[in-house]
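For reference, coords01.csv is printed below; it contains CSV, N, CA and C atoms.
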chain,number,residue,atom,x,y,z
A,196,MET,N,0.9,-1.2,0.0
A,196,MET,CA,0.0,0.0,0.0
A,196,MET,C,0.9,1.2,0.0
A,197,SER,N,0.7,2.2,-0.9
A,197,SER,CA,1.5,3.4,-1.0
A,197,SER,C,0.9,4.5,-0.1
A,198,ALA,N,1.8,5.4,0.3
A,198,ALA,CA,1.4,6.5,1.2
A,198,ALA,C,0.5,7.4,0.4
A,199,ALA,N,-0.5,8.0,1.1
A,199,ALA,CA,-1.4,9.0,0.5
A,199,ALA,C,-0.8,10.4,0.4
A,200,PHE,N,0.4,10.5,1.0
A,200,PHE,CA,1.0,11.8,1.1
A,200,PHE,C,2.6,11.7,0.9
A,201,VAL,N,3.2,12.8,0.6
A,201,VAL,CA,4.6,12.8,0.5
A,201,VAL,C,5.1,14.0,1.4
A,202,ARG,N,6.4,14.1,1.7
A,202,ARG,CA,7.0,15.2,2.4
A,202,ARG,C,7.9,15.9,1.5
A,203,PRO,N,7.5,16.8,0.7
A,203,PRO,CA,8.3,17.5,-0.3
A,203,PRO,C,9.4,18.4,0.3
A,204,ASP,N,9.2,19.0,1.4
A,204,ASP,CA,10.1,20.0,2.0
A,204,ASP,C,10.4,21.1,0.9
A,205,ALA,N,9.3,21.6,0.3
A,205,ALA,CA,9.5,22.5,-0.8
A,205,ALA,C,9.1,23.9,-0.4
A,206,PRO,N,9.9,24.9,-0.8
A,206,PRO,CA,9.5,26.3,-0.6
A,206,PRO,C,8.5,26.7,-1.6
A,207,LEU,N,7.4,27.3,-1.1
A,207,LEU,CA,6.3,27.8,-2.0
A,207,LEU,C,5.9,29.2,-1.6
A,208,THR,N,5.3,29.9,-2.5
A,208,THR,CA,4.8,31.2,-2.1
A,208,THR,C,3.4,31.4,-2.7
A,209,VAL,N,2.5,31.8,-1.9
A,209,VAL,CA,1.2,32.2,-2.4
A,209,VAL,C,1.2,33.7,-2.7
A,210,VAL,N,0.8,34.2,-3.8
A,210,VAL,CA,0.7,35.6,-4.1
A,210,VAL,C,-0.8,35.9,-4.2
A,211,LEU,N,-1.2,36.8,-3.3
A,211,LEU,CA,-2.6,37.3,-3.3
A,211,LEU,C,-2.7,38.7,-4.0
A,212,LEU,N,-3.4,38.7,-5.1
A,212,LEU,CA,-3.6,40.0,-5.9
A,212,LEU,C,-4.9,40.6,-5.4
A,213,THR,N,-4.9,41.9,-5.2
A,213,THR,CA,-6.1,42.7,-4.8
A,213,THR,C,-6.3,43.8,-5.8
A,214,TYR,N,-7.4,43.8,-6.5
A,214,TYR,CA,-7.7,44.9,-7.4
A,214,TYR,C,-7.9,46.2,-6.7
A,215,VAL,N,-7.3,47.2,-7.2
A,215,VAL,CA,-7.3,48.6,-6.6
A,215,VAL,C,-7.9,49.6,-7.6
A,216,ALA,N,-8.4,49.1,-8.8
A,216,ALA,CA,-8.9,49.9,-9.8
A,216,ALA,C,-10.3,49.4,-10.2
A,217,PRO,N,-11.1,50.2,-10.9
A,217,PRO,CA,-12.4,49.6,-11.4
A,217,PRO,C,-12.2,48.4,-12.3
A,218,ILE,N,-13.1,47.5,-12.2
A,218,ILE,CA,-13.0,46.2,-13.0
A,218,ILE,C,-12.8,46.4,-14.5
A,219,GLU,N,-13.3,47.5,-15.0
A,219,GLU,CA,-13.1,47.8,-16.4
A,219,GLU,C,-11.6,48.0,-16.7
A,220,GLU,N,-10.9,48.7,-15.8
A,220,GLU,CA,-9.4,48.9,-16.0
A,220,GLU,C,-8.7,47.5,-15.8
A,221,VAL,N,-9.2,46.7,-14.9
A,221,VAL,CA,-8.6,45.4,-14.7
A,221,VAL,C,-8.7,44.6,-15.9
A,222,ASP,N,-9.9,44.6,-16.5
A,222,ASP,CA,-10.2,43.8,-17.7
A,222,ASP,C,-9.4,44.3,-18.9
A,223,ALA,N,-9.0,45.5,-18.9
A,223,ALA,CA,-8.2,46.0,-20.0
A,223,ALA,C,-6.8,45.4,-20.0
A,224,GLN,N,-6.4,45.0,-18.8
A,224,GLN,CA,-5.0,44.3,-18.6
A,224,GLN,C,-5.1,42.8,-18.6
A,225,LEU,N,-6.3,42.3,-18.8
A,225,LEU,CA,-6.5,40.8,-18.6
A,225,LEU,C,-5.7,40.0,-19.6
A,226,GLU,N,-5.7,40.4,-20.9
A,226,GLU,CA,-5.0,39.6,-21.9
A,226,GLU,C,-3.5,39.5,-21.6
A,227,ALA,N,-2.9,40.6,-21.2
A,227,ALA,CA,-1.5,40.7,-20.9
A,227,ALA,C,-1.2,39.8,-19.6
A,228,HIS,N,-2.1,39.9,-18.6
A,228,HIS,CA,-2.0,39.2,-17.4
A,228,HIS,C,-2.0,37.7,-17.7
A,229,VAL,N,-3.0,37.2,-18.5
A,229,VAL,CA,-3.1,35.8,-18.8
A,229,VAL,C,-1.9,35.3,-19.6
A,230,ALA,N,-1.3,36.1,-20.5
A,230,ALA,CA,-0.1,35.8,-21.2
A,230,ALA,C,1.1,35.6,-20.2
A,231,TRP,N,1.1,36.5,-19.2
A,231,TRP,CA,2.2,36.4,-18.1
A,231,TRP,C,2.0,35.1,-17.3
A,232,LEU,N,0.7,34.8,-17.0
A,232,LEU,CA,0.5,33.6,-16.2
A,232,LEU,C,0.9,32.4,-17.0
A,233,LYS,N,0.5,32.3,-18.3
A,233,LYS,CA,0.9,31.2,-19.1
A,233,LYS,C,2.4,31.0,-19.2
A,234,ALA,N,3.1,32.1,-19.3
A,234,ALA,CA,4.6,32.0,-19.4
A,234,ALA,C,5.1,31.4,-18.1
A,235,GLY,N,4.6,31.8,-17.0
A,235,GLY,CA,5.0,31.3,-15.7
A,235,GLY,C,4.7,29.8,-15.5
A,236,LEU,N,3.5,29.4,-16.0
A,236,LEU,CA,3.1,28.0,-16.0
A,236,LEU,C,4.1,27.2,-16.8
A,237,GLU,N,4.4,27.7,-18.0
A,237,GLU,CA,5.3,27.0,-18.9
A,237,GLU,C,6.7,26.9,-18.4
A,238,ALA,N,7.1,27.9,-17.7
A,238,ALA,CA,8.4,27.9,-17.0
A,238,ALA,C,8.5,27.1,-15.8
A,239,GLY,N,7.3,26.7,-15.3
A,239,GLY,CA,7.3,25.8,-14.1
A,239,GLY,C,7.4,26.6,-12.8
A,240,VAL,N,7.3,27.9,-12.8
A,240,VAL,CA,7.3,28.6,-11.5
A,240,VAL,C,5.9,28.9,-11.0
A,241,ILE,N,4.9,28.9,-11.8
A,241,ILE,CA,3.6,29.0,-11.3
A,241,ILE,C,2.9,27.6,-11.4
A,242,LEU,N,2.3,27.2,-10.3
A,242,LEU,CA,1.7,25.9,-10.2
A,242,LEU,C,0.2,26.0,-10.5
A,243,VAL,N,-0.5,27.0,-10.0
A,243,VAL,CA,-1.9,27.2,-10.2
A,243,VAL,C,-2.3,28.6,-10.0
A,244,ALA,N,-3.3,29.1,-10.6
A,244,ALA,CA,-3.8,30.5,-10.5
A,244,ALA,C,-5.3,30.5,-10.7
A,245,GLY,N,-5.9,31.5,-10.1
A,245,GLY,CA,-7.3,31.7,-10.3
A,245,GLY,C,-7.8,33.0,-9.7
A,246,ARG,N,-9.1,33.3,-10.0
A,246,ARG,CA,-9.7,34.5,-9.4
A,246,ARG,C,-10.2,34.2,-8.0
A,247,ARG,N,-10.2,35.3,-7.2
A,247,ARG,CA,-10.8,35.2,-5.9
A,247,ARG,C,-12.3,35.3,-6.1
A,248,THR,N,-13.0,34.7,-5.1
A,248,THR,CA,-14.5,34.7,-5.1
A,248,THR,C,-14.9,35.4,-3.9
A,249,PRO,N,-15.6,36.6,-4.0
A,249,PRO,CA,-16.0,37.2,-5.2
A,249,PRO,C,-14.8,37.8,-5.9
A,250,ARG,N,-14.9,38.3,-7.1
A,250,ARG,CA,-13.8,38.8,-8.0
A,250,ARG,C,-13.3,40.1,-7.5
A,251,SER,N,-12.4,39.9,-6.5
A,251,SER,CA,-11.7,41.1,-5.9
A,251,SER,C,-10.2,41.1,-6.1
A,252,GLY,N,-9.7,40.0,-6.9
A,252,GLY,CA,-8.3,39.9,-7.1
A,252,GLY,C,-8.0,38.4,-7.5
A,253,GLY,N,-6.8,37.9,-7.3
A,253,GLY,CA,-6.5,36.6,-7.7
A,253,GLY,C,-5.6,35.9,-6.7
A,254,VAL,N,-5.4,34.6,-6.9
A,254,VAL,CA,-4.5,33.8,-6.0
A,254,VAL,C,-3.6,33.0,-7.0
A,255,ILE,N,-2.3,33.1,-6.7
A,255,ILE,CA,-1.4,32.4,-7.5
A,255,ILE,C,-0.4,31.6,-6.6
A,256,LEU,N,-0.2,30.3,-6.9
A,256,LEU,CA,0.7,29.5,-6.1
A,256,LEU,C,2.0,29.3,-7.0
A,257,PHE,N,3.1,29.8,-6.4
A,257,PHE,CA,4.4,29.8,-7.0
A,257,PHE,C,5.3,28.7,-6.4
A,258,ARG,N,6.1,28.1,-7.2
A,258,ARG,CA,7.2,27.3,-6.6
A,258,ARG,C,8.3,28.2,-6.3
A,259,GLY,N,8.9,28.2,-5.1
A,259,GLY,CA,10.0,29.0,-4.8
A,259,GLY,C,9.8,29.9,-3.6
A,260,THR,N,10.9,30.5,-3.1
A,260,THR,CA,10.9,31.4,-2.0
A,260,THR,C,10.3,32.7,-2.3
A,261,ALA,N,9.9,33.5,-1.3
A,261,ALA,CA,9.4,34.8,-1.6
A,261,ALA,C,10.4,35.7,-2.3
A,262,GLU,N,11.7,35.5,-1.9
A,262,GLU,CA,12.7,36.3,-2.5
A,262,GLU,C,12.8,36.1,-4.0
A,263,ALA,N,12.6,34.8,-4.4
A,263,ALA,CA,12.7,34.4,-5.8
A,263,ALA,C,11.4,34.8,-6.6
A,264,VAL,N,10.3,34.8,-5.9
A,264,VAL,CA,9.0,35.0,-6.5
A,264,VAL,C,8.7,36.5,-6.6
A,265,GLU,N,9.2,37.3,-5.7
A,265,GLU,CA,8.8,38.8,-5.7
A,265,GLU,C,9.1,39.5,-7.1
A,266,PRO,N,10.3,39.3,-7.7
A,266,PRO,CA,10.5,40.0,-9.0
A,266,PRO,C,9.5,39.5,-10.1
A,267,VAL,N,9.1,38.3,-10.0
A,267,VAL,CA,8.2,37.8,-11.0
A,267,VAL,C,6.8,38.4,-10.7
A,268,ALA,N,6.4,38.5,-9.5
A,268,ALA,CA,5.1,39.1,-9.1
A,268,ALA,C,5.1,40.6,-9.5
A,269,GLN,N,6.2,41.2,-9.3
A,269,GLN,CA,6.3,42.7,-9.7
A,269,GLN,C,6.1,42.9,-11.2
A,270,ALA,N,6.4,41.9,-12.0
A,270,ALA,CA,6.3,42.0,-13.4
A,270,ALA,C,4.9,41.7,-14.0
A,271,ASP,N,4.0,41.3,-13.1
A,271,ASP,CA,2.6,41.0,-13.5
A,271,ASP,C,2.0,42.2,-14.1
A,272,PRO,N,1.5,42.2,-15.3
A,272,PRO,CA,0.9,43.4,-15.9
A,272,PRO,C,-0.2,44.0,-15.0
A,273,PHE,N,-0.9,43.2,-14.2
A,273,PHE,CA,-1.9,43.8,-13.3
A,273,PHE,C,-1.1,44.8,-12.3
A,274,VAL,N,0.0,44.4,-11.9
A,274,VAL,CA,0.8,45.1,-10.9
A,274,VAL,C,1.5,46.3,-11.6
A,275,THR,N,2.1,46.1,-12.7
A,275,THR,CA,2.9,47.1,-13.4
A,275,THR,C,1.9,48.2,-13.9
A,276,SER,N,0.7,47.9,-14.3
A,276,SER,CA,-0.3,48.9,-14.7
A,276,SER,C,-0.9,49.6,-13.6
A,277,GLY,N,-0.8,49.1,-12.4
A,277,GLY,CA,-1.4,49.8,-11.2
A,277,GLY,C,-2.8,49.4,-10.9
A,278,VAL,N,-3.3,48.3,-11.6
A,278,VAL,CA,-4.7,47.9,-11.3
A,278,VAL,C,-4.8,47.0,-10.1
A,279,ALA,N,-3.7,46.4,-9.7
A,279,ALA,CA,-3.7,45.5,-8.5
A,279,ALA,C,-2.4,45.6,-7.7
A,280,THR,N,-2.6,45.3,-6.4
A,280,THR,CA,-1.4,45.2,-5.6
A,280,THR,C,-1.3,43.7,-5.2
A,281,TYR,N,-0.1,43.3,-4.6
A,281,TYR,CA,0.1,41.9,-4.3
A,281,TYR,C,0.6,41.8,-2.9
A,282,GLU,N,0.4,40.6,-2.3
A,282,GLU,CA,0.9,40.2,-1.0
A,282,GLU,C,1.6,38.9,-1.2
A,283,LEU,N,2.8,38.7,-0.7
A,283,LEU,CA,3.5,37.4,-0.7
A,283,LEU,C,3.3,36.7,0.6
A,284,ILE,N,2.9,35.4,0.5
A,284,ILE,CA,2.8,34.6,1.7
A,284,ILE,C,3.7,33.3,1.5
A,285,PRO,N,4.9,33.4,2.0
A,285,PRO,CA,5.8,32.2,1.8
A,285,PRO,C,5.5,31.1,2.8
A,286,PHE,N,5.6,29.9,2.4
A,286,PHE,CA,5.5,28.8,3.3
A,286,PHE,C,6.3,27.6,2.8
A,287,ASN,N,6.5,26.6,3.6
A,287,ASN,CA,7.3,25.5,3.3
A,287,ASN,C,6.3,24.3,3.3
A,288,ALA,N,6.1,23.7,2.1
A,288,ALA,CA,5.2,22.5,2.0
A,288,ALA,C,5.9,21.3,2.7
A,289,SER,N,5.3,20.9,3.8
A,289,SER,CA,5.8,19.8,4.5
A,289,SER,C,5.0,18.5,4.3
A,290,LEU,N,3.8,18.7,3.9
A,290,LEU,CA,2.9,17.5,3.5
A,290,LEU,C,2.2,17.9,2.2
A,291,ALA,N,2.1,16.9,1.3
A,291,ALA,CA,1.3,17.1,0.1
A,291,ALA,C,0.7,15.8,-0.4
A,292,ALA,N,-0.4,15.8,-1.1
A,292,ALA,CA,-0.9,14.6,-1.7
A,292,ALA,C,0.1,14.0,-2.6
A,293,THR,N,0.2,12.7,-2.7
A,293,THR,CA,1.2,12.0,-3.5
A,293,THR,C,1.2,12.6,-4.9
A,294,THR,N,0.0,12.8,-5.5
A,294,THR,CA,-0.1,13.3,-6.9
A,294,THR,C,0.5,14.7,-7.1
A,295,LEU,N,0.8,15.4,-6.0
A,295,LEU,CA,1.4,16.7,-6.1
A,295,LEU,C,2.9,16.7,-5.9
A,296,GLY,N,3.4,15.6,-5.4
A,296,GLY,CA,4.8,15.5,-4.9
A,296,GLY,C,5.8,16.0,-6.0
A,297,ASP,N,5.7,15.5,-7.2
A,297,ASP,CA,6.7,15.8,-8.3
A,297,ASP,C,6.5,17.3,-8.6
A,298,ALA,N,5.3,17.8,-8.6
A,298,ALA,CA,5.1,19.2,-9.0
A,298,ALA,C,5.8,20.2,-8.0
A,299,LEU,N,5.9,19.8,-6.8
A,299,LEU,CA,6.4,20.6,-5.7
A,299,LEU,C,7.9,20.5,-5.6
A,300,ALA,N,8.5,19.5,-6.1
A,300,ALA,CA,10.0,19.3,-6.0
A,300,ALA,C,10.8,20.3,-6.7
As structure tokens, what does this structure read like?
Amino acid sequence: MSAAFVRPDAPLTVVLLTYVAPIEEVDAQLEAHVAWLKAGLEAGVILVAGRRTPRSGGVILFRGTAEAVEPVAQADPFVTSGVATYELIPFNASLAATTLGDALA
């Protein structure tokens, strides 16, 4: 029987985006933001991203320390255009579902 969890000991950072401009201004930056997200996913630094509910910002899970993630977060078109601010929440993944183990390493 295999374990249902792994101990990845992986540094991760959650980035919380908060919209600070009207949603029309946010939407004007959406295409560039999505392109930025896709580049991060393809590079393997972003693991998952999505809108907050209700739509007041976003949540992005990054692989890496806050120090490594911050320059990437600062380059988000939502941030560079001034329509959103961000907060970094670093943590160390000490337990994960087995199916996530490789993604976190």
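Atom C of Leu299 in chain A is found 19.1 Å from atom C of Glu265 in chain A.
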Give me, as a tab-separated table (two decimals) with N, CA and C atoms, keeping the file's coordinate frame, all polymer residues having an atom no more than 6 Å from range 284-289 of chain A, counting all atoms listed in the file and skipping those fewer than 4 positions away in the same chain.
chain	number	residue	atom	x	y	z
A	201	VAL	N	3.20	12.80	0.60
A	201	VAL	CA	4.60	12.80	0.50
A	201	VAL	C	5.10	14.00	1.40
A	202	ARG	N	6.40	14.10	1.70
A	202	ARG	CA	7.00	15.20	2.40
A	202	ARG	C	7.90	15.90	1.50
A	203	PRO	N	7.50	16.80	0.70
A	203	PRO	CA	8.30	17.50	-0.30
A	203	PRO	C	9.40	18.40	0.30
A	204	ASP	N	9.20	19.00	1.40
A	204	ASP	CA	10.10	20.00	2.00
A	204	ASP	C	10.40	21.10	0.90
A	205	ALA	N	9.30	21.60	0.30
A	205	ALA	CA	9.50	22.50	-0.80
A	205	ALA	C	9.10	23.90	-0.40
A	206	PRO	N	9.90	24.90	-0.80
A	206	PRO	CA	9.50	26.30	-0.60
A	206	PRO	C	8.50	26.70	-1.60
A	207	LEU	N	7.40	27.30	-1.10
A	207	LEU	CA	6.30	27.80	-2.00
A	207	LEU	C	5.90	29.20	-1.60
A	208	THR	N	5.30	29.90	-2.50
A	208	THR	CA	4.80	31.20	-2.10
A	208	THR	C	3.40	31.40	-2.70
A	209	VAL	N	2.50	31.80	-1.90
A	209	VAL	CA	1.20	32.20	-2.40
A	209	VAL	C	1.20	33.70	-2.70
A	210	VAL	N	0.80	34.20	-3.80
A	210	VAL	CA	0.70	35.60	-4.10
A	210	VAL	C	-0.80	35.90	-4.20
A	211	LEU	N	-1.20	36.80	-3.30
A	211	LEU	CA	-2.60	37.30	-3.30
A	211	LEU	C	-2.70	38.70	-4.00
A	261	ALA	N	9.90	33.50	-1.30
A	261	ALA	CA	9.40	34.80	-1.60
A	261	ALA	C	10.40	35.70	-2.30
Expected answer as a count of residues only: alpha helix (DSSP H) residues in chain A: 37
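What separates atom C of Ala223 in chain A from CA of Ile255 in chain A is a distance of 18.8 Å.
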Would you please work out which residue, of A:Tyr214, A:Val254, A:Arg247, A:Ala292, is nearest to Ala198 in chain A when using only N, CA and C atoms? A:Ala292
As a check of understanding: the span from CA of Val278 in chain A to CA of Trp231 in chain A is 15.0 Å
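Closest approach to Leu225 in chain A from the set A:Arg246, A:Thr293, A:Phe257, A:Ala298 is made by A:Arg246, with distances taken over only C-alpha atoms.
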Find the spatial neighbours of Val240 in chain A, counting all atoms listed in the file, within a cut-off of 6.5 Å - ignore same-chain residues fewer than 4 positions away - and output them as a ChimeraX atom specification. /A:235-236,256-258
Expected file contents, prior selection, N, CA and C atoms, as an mmCIF file, in the coordinates of the input:
data_model
loop_
_atom_site.group_PDB
_atom_site.id
_atom_site.type_symbol
_atom_site.label_atom_id
_atom_site.label_comp_id
_atom_site.auth_asym_id
_atom_site.auth_seq_id
_atom_site.Cartn_x
_atom_site.Cartn_y
_atom_site.Cartn_z
ATOM 1 N N GLY A 235 4.600 31.800 -17.000
ATOM 2 C CA GLY A 235 5.000 31.300 -15.700
ATOM 3 C C GLY A 235 4.700 29.800 -15.500
ATOM 4 N N LEU A 236 3.500 29.400 -16.000
ATOM 5 C CA LEU A 236 3.100 28.000 -16.000
ATOM 6 C C LEU A 236 4.100 27.200 -16.800
ATOM 7 N N LEU A 256 -0.200 30.300 -6.900
ATOM 8 C CA LEU A 256 0.700 29.500 -6.100
ATOM 9 C C LEU A 256 2.000 29.300 -7.000
ATOM 10 N N PHE A 257 3.100 29.800 -6.400
ATOM 11 C CA PHE A 257 4.400 29.800 -7.000
ATOM 12 C C PHE A 257 5.300 28.700 -6.400
ATOM 13 N N ARG A 258 6.100 28.100 -7.200
ATOM 14 C CA ARG A 258 7.200 27.300 -6.600
ATOM 15 C C ARG A 258 8.300 28.200 -6.300
#
Chain A: residues DSSP assigns to strand (DSSP E), reported as a PyMOL selection string: chain A and resi 200-201+205-214+241-246+252-258+279-288+291-292
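Summary of the local environment: counting only C-alpha atoms, residues at most 9 Å from Asp271 in chain A, other than itself and those fewer than 2 positions away along its chain, are Ala227, His228, Trp231, Leu232, Val267, Ala268, Gln269, Phe273, Val274, Thr275 and Ser276 of chain A.
The residue that comes closest to Ser251 in chain A, out of A:Thr280, A:Leu290, A:Leu295, A:Gln224 and on the basis of only C-alpha atoms, is A:Thr280.
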Which residues are close to range 215-218 of chain A, i.e. within 6 Å by only C-alpha atoms, leaving aside same-chain residues fewer than 3 positions away? Reply as number ranges by chain. A: 221-222, 278-279
Among A:Ala291, A:Leu242, A:Val229, A:Ala234, Pro272 in chain A is approached most closely, using all atoms listed in the file, by A:Val229
